[in-house]
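Q: Following this line is entry21.cif, made up of mmCIF, C-alpha atoms:
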```
data_target
loop_
_atom_site.label_atom_id
_atom_site.label_comp_id
_atom_site.auth_asym_id
_atom_site.auth_seq_id
_atom_site.Cartn_x
_atom_site.Cartn_y
_atom_site.Cartn_z
CA MET M 30 13.97 -2.54 28.63
CA ALA M 31 12.41 -1.72 25.27
CA THR M 32 12.97 -4.13 22.40
CA VAL M 33 15.43 -2.76 19.85
CA LEU M 34 14.34 -3.14 16.23
CA LYS M 35 16.92 -3.77 13.50
CA VAL M 36 14.75 -4.37 10.42
CA PRO M 37 12.05 -2.39 8.56
CA LEU M 38 8.48 -2.44 9.84
CA ALA M 39 6.13 -4.50 7.73
CA SER M 40 3.00 -2.34 7.73
CA PRO M 41 1.27 0.70 9.26
CA THR M 42 -0.59 0.68 12.56
CA PRO M 43 -4.25 -0.41 12.35
CA ASP M 44 -5.33 3.17 13.08
CA SER M 45 -3.35 4.66 10.19
CA GLN M 46 -5.76 5.49 7.40
CA PRO M 47 -4.91 6.75 3.90
CA LYS M 48 -6.94 9.66 2.64
CA PRO M 49 -9.02 8.75 -0.42
CA GLN M 50 -8.16 10.47 -3.70
CA ALA M 51 -10.84 12.84 -4.94
CA ALA M 52 -13.03 11.47 -7.73
CA LEU M 53 -12.25 12.76 -11.22
CA THR M 54 -14.52 15.29 -12.83
CA ALA M 55 -15.98 14.51 -16.25
CA ASP M 56 -13.39 16.83 -17.85
CA GLN M 57 -10.52 15.17 -16.00
CA GLU M 58 -11.75 11.70 -16.95
CA GLU M 59 -11.87 12.78 -20.59
CA LYS M 60 -8.32 14.07 -20.44
CA TYR M 61 -7.15 10.89 -18.77
CA ASN M 62 -8.80 8.73 -21.45
CA TRP M 63 -7.12 10.79 -24.17
CA LEU M 64 -3.72 10.37 -22.50
CA LEU M 65 -4.24 6.64 -22.00
CA GLU M 66 -4.96 6.11 -25.69
CA GLN M 67 -1.80 8.00 -26.65
CA VAL M 68 0.32 5.94 -24.28
CA LYS M 69 -1.19 2.66 -25.50
CA ASN M 70 0.00 3.51 -29.00
CA TRP M 71 3.63 3.92 -27.96
CA LYS M 72 5.82 1.24 -29.53
CA GLU M 73 9.30 2.50 -28.71
CA VAL M 74 11.06 4.60 -26.09
CA PRO M 75 13.49 7.15 -27.53
CA ALA M 76 16.88 7.21 -25.83
CA THR M 77 20.53 7.96 -26.44
CA GLU M 78 23.59 5.81 -25.74
CA GLY M 79 22.13 2.94 -27.74
CA LYS M 80 19.26 2.40 -25.30
CA ALA M 81 16.37 3.27 -27.59
CA GLY M 82 14.07 0.41 -28.44
CA PRO M 83 10.66 -1.23 -28.00
CA ILE M 84 8.77 -0.49 -24.81
CA THR M 85 9.30 -3.33 -22.34
CA ASP M 86 6.84 -5.15 -20.10
CA ARG M 87 8.42 -3.59 -17.02
CA GLU M 88 7.86 -0.15 -18.54
CA LYS M 89 4.24 -1.01 -19.32
CA PHE M 90 3.87 -2.20 -15.73
CA TRP M 91 5.11 1.21 -14.54
CA LEU M 92 2.44 2.97 -16.65
CA THR M 93 -0.47 2.51 -14.25
CA ARG M 94 -3.64 4.59 -14.22
CA GLU M 95 -2.38 6.39 -11.11
CA CYS M 96 1.00 7.05 -12.74
CA LEU M 97 -0.70 8.82 -15.65
CA LEU M 98 -2.92 10.75 -13.24
CA ARG M 99 0.10 11.90 -11.22
CA PHE M 100 1.63 13.42 -14.33
CA LEU M 101 -1.69 15.00 -15.29
CA ARG M 102 -1.98 16.62 -11.87
CA ALA M 103 1.66 17.72 -12.08
CA THR M 104 0.96 19.52 -15.36
CA LYS M 105 -2.33 21.03 -14.16
CA TRP M 106 -4.26 18.66 -16.45
CA ASN M 107 -2.46 19.65 -19.63
CA GLN M 108 -2.68 16.25 -21.31
CA LYS M 109 -0.16 17.00 -24.08
CA GLU M 110 2.39 18.25 -21.57
CA ALA M 111 1.71 15.19 -19.40
CA GLU M 112 2.31 12.92 -22.41
CA LYS M 113 5.61 14.67 -23.08
CA ARG M 114 6.66 14.40 -19.44
CA ILE M 115 5.80 10.69 -19.16
CA LEU M 116 7.74 9.79 -22.31
CA GLY M 117 10.64 11.92 -21.08
CA THR M 118 10.63 10.03 -17.80
CA LEU M 119 10.66 6.66 -19.57
CA THR M 120 13.70 7.89 -21.51
CA TRP M 121 15.36 9.11 -18.31
CA ARG M 122 14.71 5.83 -16.48
CA ARG M 123 16.45 3.94 -19.28
CA GLU M 124 19.39 6.29 -19.62
CA TYR M 125 19.88 6.71 -15.88
CA GLY M 126 19.55 2.97 -15.40
CA VAL M 127 16.95 3.05 -12.63
CA GLU M 128 16.19 -0.68 -13.03
CA GLU M 129 19.94 -1.44 -13.12
CA LEU M 130 20.81 0.11 -9.76
CA THR M 131 21.65 -2.81 -7.51
CA ALA M 132 21.76 -3.18 -3.75
CA ASP M 133 25.43 -4.15 -3.99
CA HIS M 134 26.30 -0.98 -5.90
CA ILE M 135 24.41 1.29 -3.48
CA SER M 136 25.38 -0.55 -0.27
CA PRO M 137 28.56 1.46 0.53
CA GLU M 138 26.51 4.67 0.56
CA ASN M 139 24.20 3.39 3.29
CA GLU M 140 26.65 1.68 5.63
CA THR M 141 26.16 4.39 8.27
CA GLY M 142 22.37 4.54 7.91
CA LYS M 143 22.20 7.97 6.35
CA GLN M 144 18.95 6.91 4.64
CA ILE M 145 16.51 4.61 6.42
CA ILE M 146 13.07 3.35 5.43
CA LEU M 147 11.25 2.69 8.67
CA GLY M 148 7.60 2.78 9.72
CA TYR M 149 4.53 4.62 8.41
CA ASP M 150 2.81 7.90 9.23
CA LYS M 151 -0.81 8.34 10.34
CA GLU M 152 -2.01 8.23 6.72
CA GLY M 153 -0.19 5.00 5.91
CA ARG M 154 2.69 6.68 4.10
CA VAL M 155 6.11 5.03 4.23
CA CYS M 156 8.56 7.06 6.33
CA HIS M 157 11.86 7.77 4.59
CA TYR M 158 14.47 9.12 7.01
CA LEU M 159 17.39 11.26 5.85
CA ASN M 160 20.27 11.69 8.29
CA PRO M 161 22.81 14.08 6.68
CA GLY M 162 24.99 14.01 9.80
CA ARG M 163 25.76 10.35 8.99
CA GLN M 164 27.24 11.21 5.60
CA ASN M 165 30.09 8.80 4.90
CA THR M 166 31.10 9.51 1.30
CA GLU M 167 32.22 12.42 -0.85
CA ALA M 168 29.90 14.00 -3.41
CA SER M 169 29.58 11.69 -6.43
CA PRO M 170 27.00 10.40 -8.93
CA ARG M 171 26.44 7.42 -6.64
CA GLN M 172 25.15 9.70 -3.87
CA VAL M 173 22.30 10.79 -6.15
CA GLN M 174 21.80 7.22 -7.34
CA HIS M 175 21.47 6.27 -3.67
CA LEU M 176 18.49 8.58 -3.26
CA VAL M 177 16.84 7.30 -6.46
CA PHE M 178 17.38 3.70 -5.35
CA MET M 179 15.83 4.34 -1.95
CA LEU M 180 12.85 6.15 -3.48
CA GLU M 181 12.18 3.10 -5.62
CA ARG M 182 12.28 0.94 -2.49
CA VAL M 183 9.83 3.28 -0.74
CA ILE M 184 7.47 2.84 -3.69
CA ASP M 185 7.88 -0.95 -3.45
CA LEU M 186 6.64 -0.80 0.15
CA MET M 187 3.71 1.58 -0.27
CA PRO M 188 0.52 -0.01 1.12
CA PRO M 189 -2.66 -0.19 -0.97
CA GLN M 190 -4.31 3.17 -1.66
CA VAL M 191 -1.13 5.06 -0.77
CA GLU M 192 0.97 6.76 -3.45
CA THR M 193 2.91 9.38 -1.48
CA LEU M 194 5.61 9.22 1.18
CA SER M 195 6.66 11.02 4.34
CA LEU M 196 10.17 12.44 4.30
CA LEU M 197 11.77 12.93 7.71
CA ILE M 198 15.04 14.90 7.81
CA ASN M 199 17.23 15.42 10.88
CA PHE M 200 19.97 18.00 10.31
CA LYS M 201 21.60 17.20 13.63
CA SER M 202 25.36 17.51 13.27
CA SER M 203 27.76 14.70 14.12
CA LYS M 204 31.29 14.56 15.51
CA SER M 205 32.67 14.19 12.01
CA ARG M 206 30.27 16.49 10.22
CA SER M 207 29.00 19.88 11.34
CA ASN M 208 27.79 21.18 7.96
CA THR M 209 25.06 18.75 6.96
CA ALA M 210 23.66 20.64 3.95
CA PRO M 211 24.39 19.21 0.48
CA GLY M 212 26.05 21.34 -2.16
CA ILE M 213 23.76 23.63 -4.14
CA GLY M 214 24.67 21.91 -7.42
CA GLN M 215 23.79 18.47 -6.12
CA ALA M 216 20.62 19.80 -4.52
CA ARG M 217 19.46 21.27 -7.82
CA GLU M 218 20.18 17.97 -9.60
CA VAL M 219 18.14 16.07 -7.03
CA LEU M 220 15.26 18.54 -7.24
CA ASN M 221 15.29 18.25 -11.02
CA ILE M 222 15.02 14.45 -10.83
CA LEU M 223 12.30 14.51 -8.20
CA GLN M 224 10.17 17.21 -9.80
CA ASN M 225 10.38 15.86 -13.34
CA HIS M 226 10.38 12.11 -12.78
CA TYR M 227 8.67 11.50 -9.42
CA PRO M 228 5.70 13.88 -9.55
CA GLU M 229 3.06 13.90 -6.84
CA ARG M 230 5.06 11.57 -4.60
CA LEU M 231 5.71 13.78 -1.57
CA GLY M 232 2.99 13.67 1.05
CA ARG M 233 4.81 15.58 3.77
CA ALA M 234 8.37 16.58 4.72
CA LEU M 235 9.17 16.88 8.43
CA ILE M 236 12.46 18.65 9.14
CA ILE M 237 14.09 19.10 12.55
CA ASN M 238 17.30 20.52 14.04
CA VAL M 239 17.66 23.09 11.30
CA PRO M 240 20.83 25.16 12.00
CA TRP M 241 21.33 28.63 10.56
CA ILE M 242 23.57 27.40 7.74
CA VAL M 243 20.96 24.83 6.65
CA ASN M 244 18.25 27.45 6.95
CA GLY M 245 20.26 29.56 4.52
CA PHE M 246 20.55 26.54 2.25
CA PHE M 247 16.77 26.18 2.12
CA LYS M 248 16.47 29.84 1.22
CA LEU M 249 18.85 29.25 -1.68
CA ILE M 250 16.87 26.34 -3.10
CA THR M 251 13.41 27.76 -2.39
CA PRO M 252 13.13 29.34 -5.87
CA PHE M 253 13.49 25.86 -7.38
CA ILE M 254 10.76 24.29 -5.23
CA ASP M 255 7.17 24.34 -6.41
CA PRO M 256 4.90 26.49 -4.19
CA ASN M 257 2.57 23.54 -3.52
CA THR M 258 5.56 21.52 -2.34
CA ARG M 259 6.69 24.25 0.03
CA GLU M 260 3.36 23.94 1.81
CA LYS M 261 4.22 20.32 2.62
CA LEU M 262 7.43 21.30 4.46
CA LYS M 263 7.11 21.35 8.26
CA PHE M 264 10.07 22.74 10.22
CA ASN M 265 10.85 21.84 13.84
CA GLU M 266 7.34 20.58 14.59
CA ASP M 267 6.46 17.70 16.89
CA MET M 268 6.60 14.76 14.49
CA LYS M 269 4.24 12.74 16.68
CA LYS M 270 1.47 14.92 15.25
CA TYR M 271 2.01 13.13 11.95
CA VAL M 272 3.60 9.75 12.81
CA PRO M 273 2.38 7.30 15.49
CA ALA M 274 4.86 7.43 18.37
CA GLU M 275 5.32 3.64 18.25
CA GLN M 276 6.46 3.87 14.62
CA LEU M 277 8.54 7.05 15.01
CA TRP M 278 12.28 6.54 15.61
CA THR M 279 13.57 7.80 18.96
CA GLU M 280 16.14 9.97 17.17
CA PHE M 281 13.17 11.90 15.78
CA ASN M 282 11.50 12.15 19.22
CA GLY M 283 9.35 9.04 18.87
CA SER M 284 9.28 5.88 21.01
CA LEU M 285 10.47 3.32 18.43
CA GLU M 286 13.81 1.92 19.57
CA PHE M 287 15.78 1.25 16.40
CA ASP M 288 19.46 0.48 15.93
CA TYR M 289 20.89 0.67 12.42
CA ASP M 290 23.08 -2.35 11.74
CA HIS M 291 23.84 -2.42 8.03
CA ALA M 292 24.57 -6.17 7.87
CA THR M 293 21.11 -6.87 9.28
CA TYR M 294 18.95 -4.06 7.92
CA TRP M 295 20.18 -3.89 4.31
CA PRO M 296 19.45 -7.51 3.27
CA ALA M 297 16.15 -7.47 5.19
CA LEU M 298 15.04 -4.33 3.32
CA GLN M 299 16.02 -5.75 -0.07
CA LYS M 300 14.25 -9.06 0.56
CA MET M 301 11.05 -7.33 1.63
CA CYS M 302 11.10 -5.02 -1.40
CA VAL M 303 11.86 -7.77 -3.93
CA GLU M 304 9.01 -9.93 -2.66
CA LYS M 305 6.48 -7.10 -2.71
CA ARG M 306 7.60 -5.78 -6.10
CA GLU M 307 7.50 -9.19 -7.76
CA ALA M 308 4.13 -10.07 -6.24
CA LYS M 309 2.73 -6.87 -7.75
CA TYR M 310 4.31 -7.60 -11.11
CA GLN M 311 2.89 -11.13 -11.22
CA ARG M 312 -0.55 -9.79 -10.34
CA TRP M 313 -0.21 -7.30 -13.20
CA VAL M 314 0.66 -10.19 -15.54
CA ALA M 315 -2.33 -12.17 -14.28
CA GLY M 316 -4.57 -9.18 -14.99
CA GLY M 317 -3.59 -9.15 -18.66
CA GLN M 318 -0.51 -6.88 -18.66
CA GLN M 319 -2.59 -3.77 -19.14
CA ILE M 320 -1.19 -0.28 -19.63
CA GLY M 321 -3.23 1.90 -17.30
CA GLU M 322 -3.81 -0.90 -14.79
CA LEU M 323 -5.24 0.07 -11.40
CA GLU M 324 -2.67 0.25 -8.62
CA ASP M 325 -5.43 -0.95 -6.29
CA PHE M 326 -5.57 -4.14 -8.38
CA ILE M 327 -1.84 -4.82 -8.49
CA THR M 328 -1.50 -4.19 -4.76
CA GLY M 329 -4.32 -6.66 -4.11
CA HIS M 330 -6.78 -4.10 -2.76
CA ALA M 331 -9.21 -4.55 -5.66
CA GLU M 332 -10.30 -7.89 -7.12
CA VAL M 333 -11.07 -6.52 -10.59
CA GLY M 334 -8.58 -4.75 -12.85
CA VAL M 335 -9.15 -2.64 -15.96
CA ALA M 336 -9.60 -5.76 -18.11
CA GLY M 337 -12.72 -6.62 -16.13
CA PRO M 338 -13.90 -9.68 -14.21
CA ILE M 339 -12.70 -12.26 -16.75
CA ALA M 340 -9.03 -11.29 -16.51
CA ALA M 341 -9.29 -10.49 -12.82
CA ALA M 342 -10.97 -13.79 -11.98
CA THR M 343 -7.56 -15.41 -11.87
CA SER M 344 -5.42 -14.44 -8.96
CA ALA M 345 -1.73 -13.70 -9.12
CA PRO M 346 0.86 -16.48 -9.13
CA GLU M 347 3.10 -16.97 -6.17
CA PRO M 348 5.73 -14.20 -6.15
CA THR M 349 9.11 -14.95 -7.66
CA PRO M 350 11.57 -15.99 -4.93
CA ALA M 351 13.56 -13.03 -3.69
CA ALA M 352 17.06 -12.60 -5.07
CA SER M 353 19.85 -13.53 -2.71
CA ALA M 354 20.71 -10.65 -0.39
CA SER M 355 23.89 -8.75 -1.03
CA ALA M 356 24.84 -8.54 2.64
CA PRO M 357 25.07 -11.23 5.34
CA ALA M 358 21.81 -12.72 6.56
CA ALA M 359 20.06 -11.14 9.50
CA GLU M 360 21.31 -12.15 12.91
CA PRO M 361 19.26 -14.86 14.59
CA GLU M 362 18.42 -12.64 17.53
CA THR M 363 17.04 -9.91 15.29
CA ILE M 364 13.49 -9.10 16.30
CA LEU M 365 11.06 -8.74 13.46
CA ALA M 366 8.41 -6.09 13.70
CA PRO M 367 4.74 -6.98 14.10
CA GLU M 368 2.64 -6.78 10.97
CA PRO M 369 -0.69 -5.11 11.69
CA ALA M 370 -2.83 -4.40 8.67
CA LEU M 371 -4.36 -1.14 7.64
CA ALA M 372 -7.89 -0.89 8.91
CA SER M 373 -9.04 -0.26 5.38
CA GLU M 374 -7.55 -3.57 4.34
CA THR M 375 -9.08 -5.80 6.96
CA ALA M 376 -11.99 -6.82 4.79
CA LEU M 377 -9.70 -7.68 1.91
CA ALA M 378 -7.94 -10.96 1.41
CA PRO M 379 -4.45 -9.93 0.26
CA PRO M 380 -2.00 -7.92 2.37
CA PRO M 381 -0.22 -4.97 0.80
CA VAL M 382 2.24 -5.53 -1.97
CA ALA M 383 4.20 -2.76 -3.63
CA ALA M 384 5.03 -0.69 -7.30
CA PRO M 385 6.78 2.17 -9.03
CA ALA M 386 8.47 6.87 -8.88
CA PRO M 387 10.64 10.90 -5.65
CA VAL M 388 14.70 15.20 -1.14
CA ALA M 389 11.87 17.08 -0.25
CA THR M 390 9.75 18.23 -3.10
CA GLU M 391 6.73 16.97 -4.85
CA ALA M 392 6.69 17.63 -8.55
CA HIS M 393 3.66 17.30 -10.55
CA ASN M 394 5.92 14.23 -9.94
CA GLU M 395 7.58 0.73 -5.20
CA ALA M 396 7.45 -7.56 5.31
CA SER M 397 7.04 -9.82 2.60
CA ALA M 398 3.54 -10.74 1.60
CA PRO M 399 2.32 -13.50 -0.71
CA ALA M 400 0.17 -12.70 -3.67
CA PRO M 401 -3.58 -13.07 -3.22
CA GLU M 402 -4.99 -16.50 -3.87
CA ALA M 403 -7.97 -17.42 -6.00
CA ALA M 404 -8.46 -19.58 -9.04
CA ALA M 405 -5.43 -21.15 -10.65
CA ILE M 406 -3.55 -19.09 -13.19
CA PRO M 407 -0.76 -19.66 -15.67
CA GLU M 408 2.76 -20.22 -14.39
CA PRO M 409 4.32 -16.90 -13.30
CA THR M 410 6.62 -15.14 -15.68
CA PRO M 411 10.21 -15.58 -14.40
CA ALA M 412 11.60 -12.51 -12.68
CA ALA M 413 13.85 -10.43 -14.86
CA ALA M 414 17.50 -11.53 -14.69
CA PRO M 415 19.71 -9.28 -12.58
CA VAL M 416 21.17 -6.49 -14.59
CA GLU M 417 24.87 -5.72 -14.50
CA GLU M 418 25.75 -3.27 -11.76
CA LYS M 419 25.84 0.38 -12.78
CA LYS M 420 29.35 1.82 -13.05
CA GLU M 421 30.12 4.52 -10.53
CA GLU M 422 31.77 6.73 -13.10
CA GLU M 423 28.53 7.07 -15.04
CA LYS M 424 27.00 10.44 -14.31
CA PRO M 425 23.27 10.88 -14.22
CA LYS M 426 21.97 12.82 -17.13
CA ALA M 427 20.45 16.13 -16.11
CA VAL M 428 16.95 16.66 -17.39
CA ALA M 429 15.76 20.06 -18.37
CA SER M 430 13.03 21.18 -16.02
CA THR M 431 9.62 21.76 -17.44
CA GLU M 432 6.76 23.29 -15.52
CA VAL M 433 6.85 21.39 -12.26
CA GLY M 434 4.39 20.78 -9.60
CA GLU M 435 4.82 18.79 -6.45
CA THR M 436 7.75 16.42 -5.90
CA ALA M 437 8.39 13.21 -4.11
CA ALA M 438 10.98 12.61 -1.63
#
```
If you took the structure in this file and wrote it as structure tokens, what would it be?
A:
Amino acid sequence: MATVLKVPLASPTPDSQPKPQAALTADQEEKYNWLLEQVKNWKEVPATEGKAGPITDREKFWLTRECLLRFLRATKWNQKEAEKRILGTLTWRREYGVEELTADHISPENETGKQIILGYDKEGRVCHYLNPGRQNTEASPRQVQHLVFMLERVIDLMPPQVETLSLLINFKSSKSRSNTAPGIGQAREVLNILQNHYPERLGRALIINVPWIVNGFFKLITPFIDPNTREKLKFNEDMKKYVPAEQLWTEFNGSLEFDYDHATYWPALQKMCVEKREAKYQRWVAGGQQIGELEDFITGHAEVGVAGPIAAATSAPEPTPAASASAPAAEPETILAPEPALASETALAPPPVAAPAPVATEAHNEASAPAPEAAAIPEPTPAAAPVEEKKEEEKPKAVASTEVGETAA
């Protein structure tokens, strides 16, 4: 009898290889350098509701080289528009409270496993499963917050050299729910968030069991989806073409036996994400807290960051201990998944650690692993204190759509 998994997988299969990003042209490099200098001069983040104020270290940490490049690609290399979009996203992240969304607050939304982060595709992308037939709550701001929270966890778990995700959607109906399509208003809100604030995050969307009513739903939202994103949507295809069978859930026609038990899976996911996120942050601190830092450096794939060999000579401190899980600890008999490394990582000392930015669109839009070891470095900066849980009655602020490109899950 096959072993039943109850926790997230730690890493991709050894054969899963990320595709390298194309090198920048001289013109693109010039535009990036211009944008970087503008961002380095930012002192404050404009916001409403009393949230305006100096840019924080966590916000600087988010402003990686790859983050800036994602916005440049999303705006077709219009550097001024990219600058506007990045600042707008910093404002949105503050006002929406992205960093304040807690596992406890989101937990009720995921009790039935309607969103699951599990396994990696053949290019090392994290697989984010959406199961609309398992919907267990009525439409509310927290449903959208749930998606944002899970996207941030996907980003935490992205392996080195991977910055996009695979979205897998199964519209199979359930006994309690035959219509599995979200409302058009909520869908537009989600698309707006993904396209404006999570550009260039969708690698591929695999969608199965599409009934006629859901097919009509996709036709309704098609005008709001960027053409480049539409090319990433694959309907009713064999998912094993894109995801190794051993890391593809049986409910999506793979061979991975997985049983969603919220009390086991939820704390395991949060622990894994906290450890990876904090290890990345401490490595960023060790590298000199640079705006425009290389994601390859903070994930441990590269030994030298943008500050050069002197700053990079010191390795990251040990990651801050993970916060206590919001749900009961994993059952003793729970079987943890094996942790093979990406083939591209085998020559590198540190294993993957994760960072941040989005249902299926990609607008010209963050397994525990210790930080890499090298020479001694200063004591790690304490992890940020937990922020008060976001109130359910708060509604996410809609953001006016600008020219969008590809979106993330």
Q: Taking the file as shown, find all residues satisfying the PyMOL selection byres ((chain M and resi 267) around 9) and write them as an NGL selection string.
A: :M and (235 or 237 or 265-266 or 268-271 or 281-282)
Q: When you draw a straight line from CA of Thr328 (chain M) to CA of Arg312 (chain M), how long is it in Å?
A: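 Answer for the CA of Thr328 (chain M) to CA of Arg312 (chain M) separation: 8.0 Å.
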Q: Record the distance separating CA of Gly82 (chain M) and CA of Gln318 (chain M), expressed in Å with one decimal.
A: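 Straight-line distance from CA of Gly82 (chain M) to CA of Gln318 (chain M) works out to 19.0 Å.
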Q: Got a sec: who's within 8 Å of Phe326 (chain M), counting all atoms listed in the file, leaving out chain neighbours fewer than 5 positions off, as a PyMOL selection string?
A: chain M and resi 312-313+331-334
Q: Please return the centre and edge lengths, in Å to one decimal, of a box with edges along x, y and z that contains all listed atoms of region 87-102 of chain M, widened by 4 Å on every side, as lines of an AutoDock Vina configuration file.
A:
```
center_x = 2.4
center_y = 6.5
center_z = -15.2
size_x = 20.1
size_y = 28.2
size_z = 16.2
```
